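Below is one structure, written out as structure tokens, with a few remarks after it.
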Amino acid sequence: MRIGLPRALLYHKYHVLWTAFLEECGLETVVSPPTNRPLLERGVALAVDESCLPMKLLLGHIDALVGRCDAVFVPRQEAYERGEHLCVKFMGAYDIVRNTLPDLPLVTYDVNADHGVDERRSMIAMARSLGVRRGVARRAYDHAAAAQHAHEVELARLQQSVAGSPRGADPRILVVGHSYNLADELVGAPILAYLRMLGVEVVTSDEVDKTLARRVGAEMSPTMKWRYNKELLGSVELYRNLVDGIVFVVTFPCGPDSLMAELCARRITGLPMTTLVLDELAGEAGTRTRLESFVDILREHRRRGHLREVGA
């Protein structure tokens, strides 16, 4: 059986877990192609106007899988811990896809700590519904979860070795955004690539110790309910003294991300910050101009700081 994996939303965060689990269960995985403009335009056509850009991309990626697999994998994720929630797009993704493409076979699992539904039990139940033996599904989940954890630890270790090293002549920028934005080939990847082309040392909010980042983020905003925004807040706090500036990458019309960026702007002083709000109409030329201007500002800050040190 071939299971289609849309290269969108939390695929960029959990692709190791999902791929390893499905393949160890004896299922073949088929991943949608990297995001391009026609795929985005197809997602825009399928989505309602009020949908956020990541949801439009999800629909475009799912449509790209039609005819290439036996069923498409669309999880329903609401809460990993009691009282803490994910964005409503993760809660509603399965139902949105089911109603947008009613003839498309879907497979799913739920995560909702408020109702006692945990990831392990739900993923094993999903595999059982596909004919996988319980023992095989249990071993597959345990191996996949271990692989996901090792992947996250290694990413955080590699980035910390960069962020903790002495700064070079060029600015170091923390790019803050969800993995499904920063890793997307059309949305965030060009931003990271262009910053590096400008000679900037880039660190990102997603390659951090996520448990530590959520704890620090909760301390910054005790009333923050969104799990992944806590991680973003925590990453800002963990790296703010190790970088020269921060770029927030926000997709329209995301309320939690806009709130998070505003909270950081009000709490943090003395550190240059800029926010890029992107949608399907965003032009590459305007984004590049803003990045060039921001990097010039950071270089001027460093130059003035060096002159003050020499004068002292």
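Following the order of the structure tokens, first chain is A, next is B, and so on, with residues numbered from 1 inside each chain and ligands from 1 in the order they appear.
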For this session: Would you kindly return, as number ranges by chain, each protein, DNA or RNA residue with an atom no farther than 12 Å from any atom of region 214-228 of chain A, considering only C-alpha atoms and excluding same-chain residues fewer than 6 positions away?
Result: A: 10, 13, 77-90, 176-180, 205-206, 208, 234-239, 255-257, 259-260, 263-264, 266-268
For the residues in the current selection, export C-alpha atoms as a short mmCIF file (atom, residue, chain, number, x, y, z; two decimals), in the first residue's frame.
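Here's the written file again37.cif:
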```cif
data_model
loop_
_atom_site.label_atom_id
_atom_site.label_comp_id
_atom_site.auth_asym_id
_atom_site.auth_seq_id
_atom_site.Cartn_x
_atom_site.Cartn_y
_atom_site.Cartn_z
CA LEU A 10 4.20 19.41 10.03
CA LYS A 13 8.93 18.85 11.54
CA GLN A 77 -3.17 17.15 16.02
CA GLU A 78 -4.77 19.20 18.77
CA ALA A 79 -2.76 19.00 22.00
CA TYR A 80 0.38 17.17 23.11
CA GLU A 81 -0.05 18.33 26.71
CA ARG A 82 -3.15 19.21 28.70
CA GLY A 83 -4.10 22.87 28.45
CA GLU A 84 -1.71 23.45 25.55
CA HIS A 85 -2.90 23.57 21.95
CA LEU A 86 -1.73 23.62 18.39
CA CYS A 87 -3.05 26.08 15.82
CA VAL A 88 -6.58 25.35 14.64
CA LYS A 89 -5.27 24.47 11.16
CA PHE A 90 -3.71 21.33 12.61
CA VAL A 176 12.28 32.96 13.48
CA GLY A 177 9.49 31.00 11.86
CA HIS A 178 7.74 27.64 11.83
CA SER A 179 9.46 24.76 10.09
CA TYR A 180 6.65 24.55 7.54
CA SER A 205 14.32 29.01 15.49
CA ASP A 206 13.46 25.42 14.61
CA VAL A 208 16.87 24.21 18.95
CA GLY A 234 11.93 30.33 23.65
CA SER A 235 14.30 30.27 20.70
CA VAL A 236 14.36 34.08 20.66
CA GLU A 237 15.22 34.18 24.35
CA LEU A 238 17.89 31.49 23.99
CA TYR A 239 19.65 33.16 21.03
CA GLY A 255 -2.69 35.67 14.35
CA PRO A 256 -0.48 33.66 16.77
CA ASP A 257 2.68 34.47 14.82
CA LEU A 259 1.21 38.20 18.35
CA MET A 260 4.50 36.43 19.01
CA LEU A 263 5.51 40.42 22.02
CA CYS A 264 9.21 40.09 21.18
CA ARG A 266 7.93 45.01 23.02
CA ARG A 267 10.09 42.93 25.37
CA ILE A 268 13.45 43.08 23.63
#
```
For this session: Within 8 Å of Leu192 (chain A), counting only C-alpha atoms, which residues show up once you throw out same-chain ones fewer than 3 positions away? Write them as number ranges by chain, please.
Result: A: 175, 182, 188-189, 195-196, 202
How would the residues just picked look written out with N, CA, C and O atoms as a short mmCIF file (atom, residue, chain, number, x, y, z; two decimals), in the first residue's frame?
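Result written to selection.cif:
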```cif
data_model
loop_
_atom_site.label_atom_id
_atom_site.label_comp_id
_atom_site.auth_asym_id
_atom_site.auth_seq_id
_atom_site.Cartn_x
_atom_site.Cartn_y
_atom_site.Cartn_z
N VAL A 175 16.66 33.67 12.29
CA VAL A 175 15.43 33.69 11.49
C VAL A 175 14.38 32.89 12.25
O VAL A 175 14.56 31.69 12.49
N LEU A 182 9.86 28.00 7.06
CA LEU A 182 11.28 28.16 6.76
C LEU A 182 11.80 27.09 5.81
O LEU A 182 12.67 27.36 4.98
N GLY A 188 10.11 29.95 2.64
CA GLY A 188 11.20 30.33 3.52
C GLY A 188 12.59 30.02 3.02
O GLY A 188 13.54 30.77 3.30
N ALA A 189 12.74 28.93 2.27
CA ALA A 189 14.08 28.55 1.80
C ALA A 189 14.76 29.64 0.98
O ALA A 189 15.97 29.87 1.15
N LEU A 195 19.94 35.34 2.41
CA LEU A 195 20.72 35.87 3.53
C LEU A 195 22.14 35.31 3.50
O LEU A 195 23.12 36.04 3.71
N ARG A 196 22.25 34.02 3.24
CA ARG A 196 23.59 33.41 3.18
C ARG A 196 24.38 33.98 1.99
O ARG A 196 25.60 34.15 2.08
N VAL A 202 23.47 32.38 9.38
CA VAL A 202 22.06 32.20 9.71
C VAL A 202 21.89 31.09 10.74
O VAL A 202 22.46 30.00 10.61
#
```
For this session: Show which residues sit within 10 Å of Thr29 (chain A), as a list in words. Count only C-alpha atoms, and ignore same-chain residues fewer than 6 positions away.
Result: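 Here the answer would be Met1, Arg2, Ile3, Gly4, Leu5, Trp18, Thr19, Ala20, Leu22, Glu23, Cys69, Val72 and Phe73 of chain A.
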For this session: Write out as a PyMOL selection string the residues lying within 12 Å of Leu130 (chain A), counting only C-alpha atoms and excluding same-chain residues fewer than 2 positions away.
Result: chain A and resi 1-3+22+25-27+70-71+106-109+123-128+132-134+137
For this session: Enumerate, as a ChimeraX atom specification, the complete set of residues in region 30-273 of chain A that a backbone-based DSSP assignment places in strand (DSSP E).
Result: /A:30-31,71-73,76-79,106-107,110-112,172-176,201-204,245-251,273
For this session: Fewer than 5 positions away in the same chain doesn't count, so skip those; otherwise give me all residues within 12 Å of Ala282 (chain A), counting only C-alpha atoms, as number ranges by chain.
Result: A: 37, 53, 186-188, 250-252, 276-277, 287-288
Just-selected residues, C-alpha atoms written as a CSV table (one decimal), in the first residue's frame:
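New file again-v5.csv:
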```csv
chain,number,residue,atom,x,y,z
A,37,ARG,CA,4.3,28.3,-8.1
A,53,LEU,CA,-0.8,30.4,3.2
A,186,LEU,CA,8.9,28.6,-2.2
A,187,VAL,CA,8.3,30.4,1.1
A,188,GLY,CA,11.2,30.3,3.5
A,250,VAL,CA,5.2,35.3,9.2
A,251,THR,CA,2.6,34.0,6.8
A,252,PHE,CA,-0.7,35.9,6.3
A,276,LEU,CA,8.4,39.7,6.8
A,277,VAL,CA,4.7,38.9,6.3
A,287,THR,CA,11.6,40.6,0.0
A,288,ARG,CA,15.2,40.8,-1.2
```
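Each of A:Pro6, A:Thr35, A:His12, A:Asp95 was compared to Leu58 (chain A) using only C-alpha atoms, and A:Pro6 turns out to be the nearest.
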For this session: Identify, on the basis of only C-alpha atoms, every residue whose closest approach to Arg157 (chain A) does not exceed 10 Å; exclude the query and any residue fewer than 4 positions from it along the same chain; express the result as an MDAnalysis selection string.
Result: chainID A and resid 151:153 161:163 207:209
What would the file look like if the residues just selected were written as an mmCIF file, in the first residue's frame with all heavy atoms?
```
data_model
loop_
_atom_site.group_PDB
_atom_site.id
_atom_site.type_symbol
_atom_site.label_atom_id
_atom_site.label_comp_id
_atom_site.auth_asym_id
_atom_site.auth_seq_id
_atom_site.Cartn_x
_atom_site.Cartn_y
_atom_site.Cartn_z
ATOM 1 N N HIS A 151 17.253 12.825 15.524
ATOM 2 C CA HIS A 151 17.315 13.847 14.469
ATOM 3 C C HIS A 151 17.240 15.244 15.065
ATOM 4 O O HIS A 151 18.038 16.124 14.714
ATOM 5 C CB HIS A 151 16.154 13.607 13.498
ATOM 6 C CG HIS A 151 15.979 14.671 12.467
ATOM 7 N ND1 HIS A 151 16.873 14.886 11.435
ATOM 8 C CD2 HIS A 151 14.993 15.602 12.302
ATOM 9 C CE1 HIS A 151 16.462 15.890 10.690
ATOM 10 N NE2 HIS A 151 15.324 16.348 11.186
ATOM 11 N N GLU A 152 16.300 15.470 15.982
ATOM 12 C CA GLU A 152 16.145 16.779 16.603
ATOM 13 C C GLU A 152 17.352 17.148 17.447
ATOM 14 O O GLU A 152 17.812 18.299 17.429
ATOM 15 C CB GLU A 152 14.876 16.797 17.452
ATOM 16 C CG GLU A 152 13.588 16.691 16.643
ATOM 17 C CD GLU A 152 12.351 16.663 17.521
ATOM 18 O OE1 GLU A 152 12.498 16.661 18.769
ATOM 19 O OE2 GLU A 152 11.228 16.645 16.976
ATOM 20 N N VAL A 153 17.879 16.184 18.195
ATOM 21 C CA VAL A 153 19.049 16.439 19.034
ATOM 22 C C VAL A 153 20.251 16.836 18.183
ATOM 23 O O VAL A 153 20.997 17.767 18.513
ATOM 24 C CB VAL A 153 19.373 15.200 19.896
ATOM 25 C CG1 VAL A 153 20.745 15.342 20.553
ATOM 26 C CG2 VAL A 153 18.302 14.995 20.959
ATOM 27 N N SER A 161 26.571 24.628 18.087
ATOM 28 C CA SER A 161 28.014 24.753 17.880
ATOM 29 C C SER A 161 28.338 25.977 17.033
ATOM 30 O O SER A 161 29.390 26.604 17.189
ATOM 31 C CB SER A 161 28.556 23.486 17.209
ATOM 32 O OG SER A 161 28.063 23.361 15.887
ATOM 33 N N VAL A 162 27.403 26.347 16.127
ATOM 34 C CA VAL A 162 27.590 27.547 15.305
ATOM 35 C C VAL A 162 27.274 28.804 16.108
ATOM 36 O O VAL A 162 28.064 29.754 16.148
ATOM 37 C CB VAL A 162 26.693 27.480 14.047
ATOM 38 C CG1 VAL A 162 26.747 28.804 13.289
ATOM 39 C CG2 VAL A 162 27.119 26.330 13.155
ATOM 40 N N ALA A 163 26.106 28.794 16.770
ATOM 41 C CA ALA A 163 25.676 29.985 17.499
ATOM 42 C C ALA A 163 26.578 30.291 18.689
ATOM 43 O O ALA A 163 26.728 31.454 19.078
ATOM 44 C CB ALA A 163 24.231 29.802 17.966
ATOM 45 N N GLU A 207 15.798 24.802 14.848
ATOM 46 C CA GLU A 207 16.887 23.876 15.168
ATOM 47 C C GLU A 207 17.418 24.176 16.569
ATOM 48 O O GLU A 207 18.552 24.605 16.768
ATOM 49 C CB GLU A 207 17.979 23.968 14.101
ATOM 50 C CG GLU A 207 17.472 23.526 12.733
ATOM 51 C CD GLU A 207 18.497 23.678 11.634
ATOM 52 O OE1 GLU A 207 19.610 24.141 11.930
ATOM 53 O OE2 GLU A 207 18.184 23.337 10.480
ATOM 54 N N VAL A 208 16.551 23.941 17.554
ATOM 55 C CA VAL A 208 16.873 24.205 18.952
ATOM 56 C C VAL A 208 16.424 23.011 19.784
ATOM 57 O O VAL A 208 15.726 22.117 19.295
ATOM 58 C CB VAL A 208 16.164 25.478 19.472
ATOM 59 C CG1 VAL A 208 16.629 26.705 18.714
ATOM 60 C CG2 VAL A 208 14.652 25.339 19.371
ATOM 61 N N ASP A 209 16.830 22.996 21.041
ATOM 62 C CA ASP A 209 16.302 22.028 22.000
ATOM 63 C C ASP A 209 14.850 22.415 22.263
ATOM 64 O O ASP A 209 14.563 23.379 22.965
ATOM 65 C CB ASP A 209 17.121 22.079 23.288
ATOM 66 C CG ASP A 209 16.649 21.062 24.328
ATOM 67 O OD1 ASP A 209 15.451 20.732 24.345
ATOM 68 O OD2 ASP A 209 17.481 20.622 25.135
#
```
Problem set entry | Coordinates-based distance that separates CA of Val249 (chain A) from CA of Asp296 (chain A) (Å, one decimal) | 18.7 Å
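With distances restricted to only C-alpha atoms, A:Ile173 is the closest residue to Phe248 (chain A) from A:Leu198, A:Ile173, A:His301, A:Gly283.
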Exercise. Hey, what does DSSP flag as helix (DSSP H, G or I) within region 79-230 of chain A? Can you give it to me as an MDAnalysis selection string?
Worked result: chainID A and resid 88:100 113:115 119:129 134:163 179:182 189:197 210:220 227:230
For this session: Would you please work out which residue, of A:Val66, A:Asp170, A:Leu232, A:Leu17, is nearest to Arg120 (chain A) when using only C-alpha atoms?
Result: A:Leu17
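The space between CA of Val111 (chain A) and CA of Tyr14 (chain A) spans 13.6 Å.
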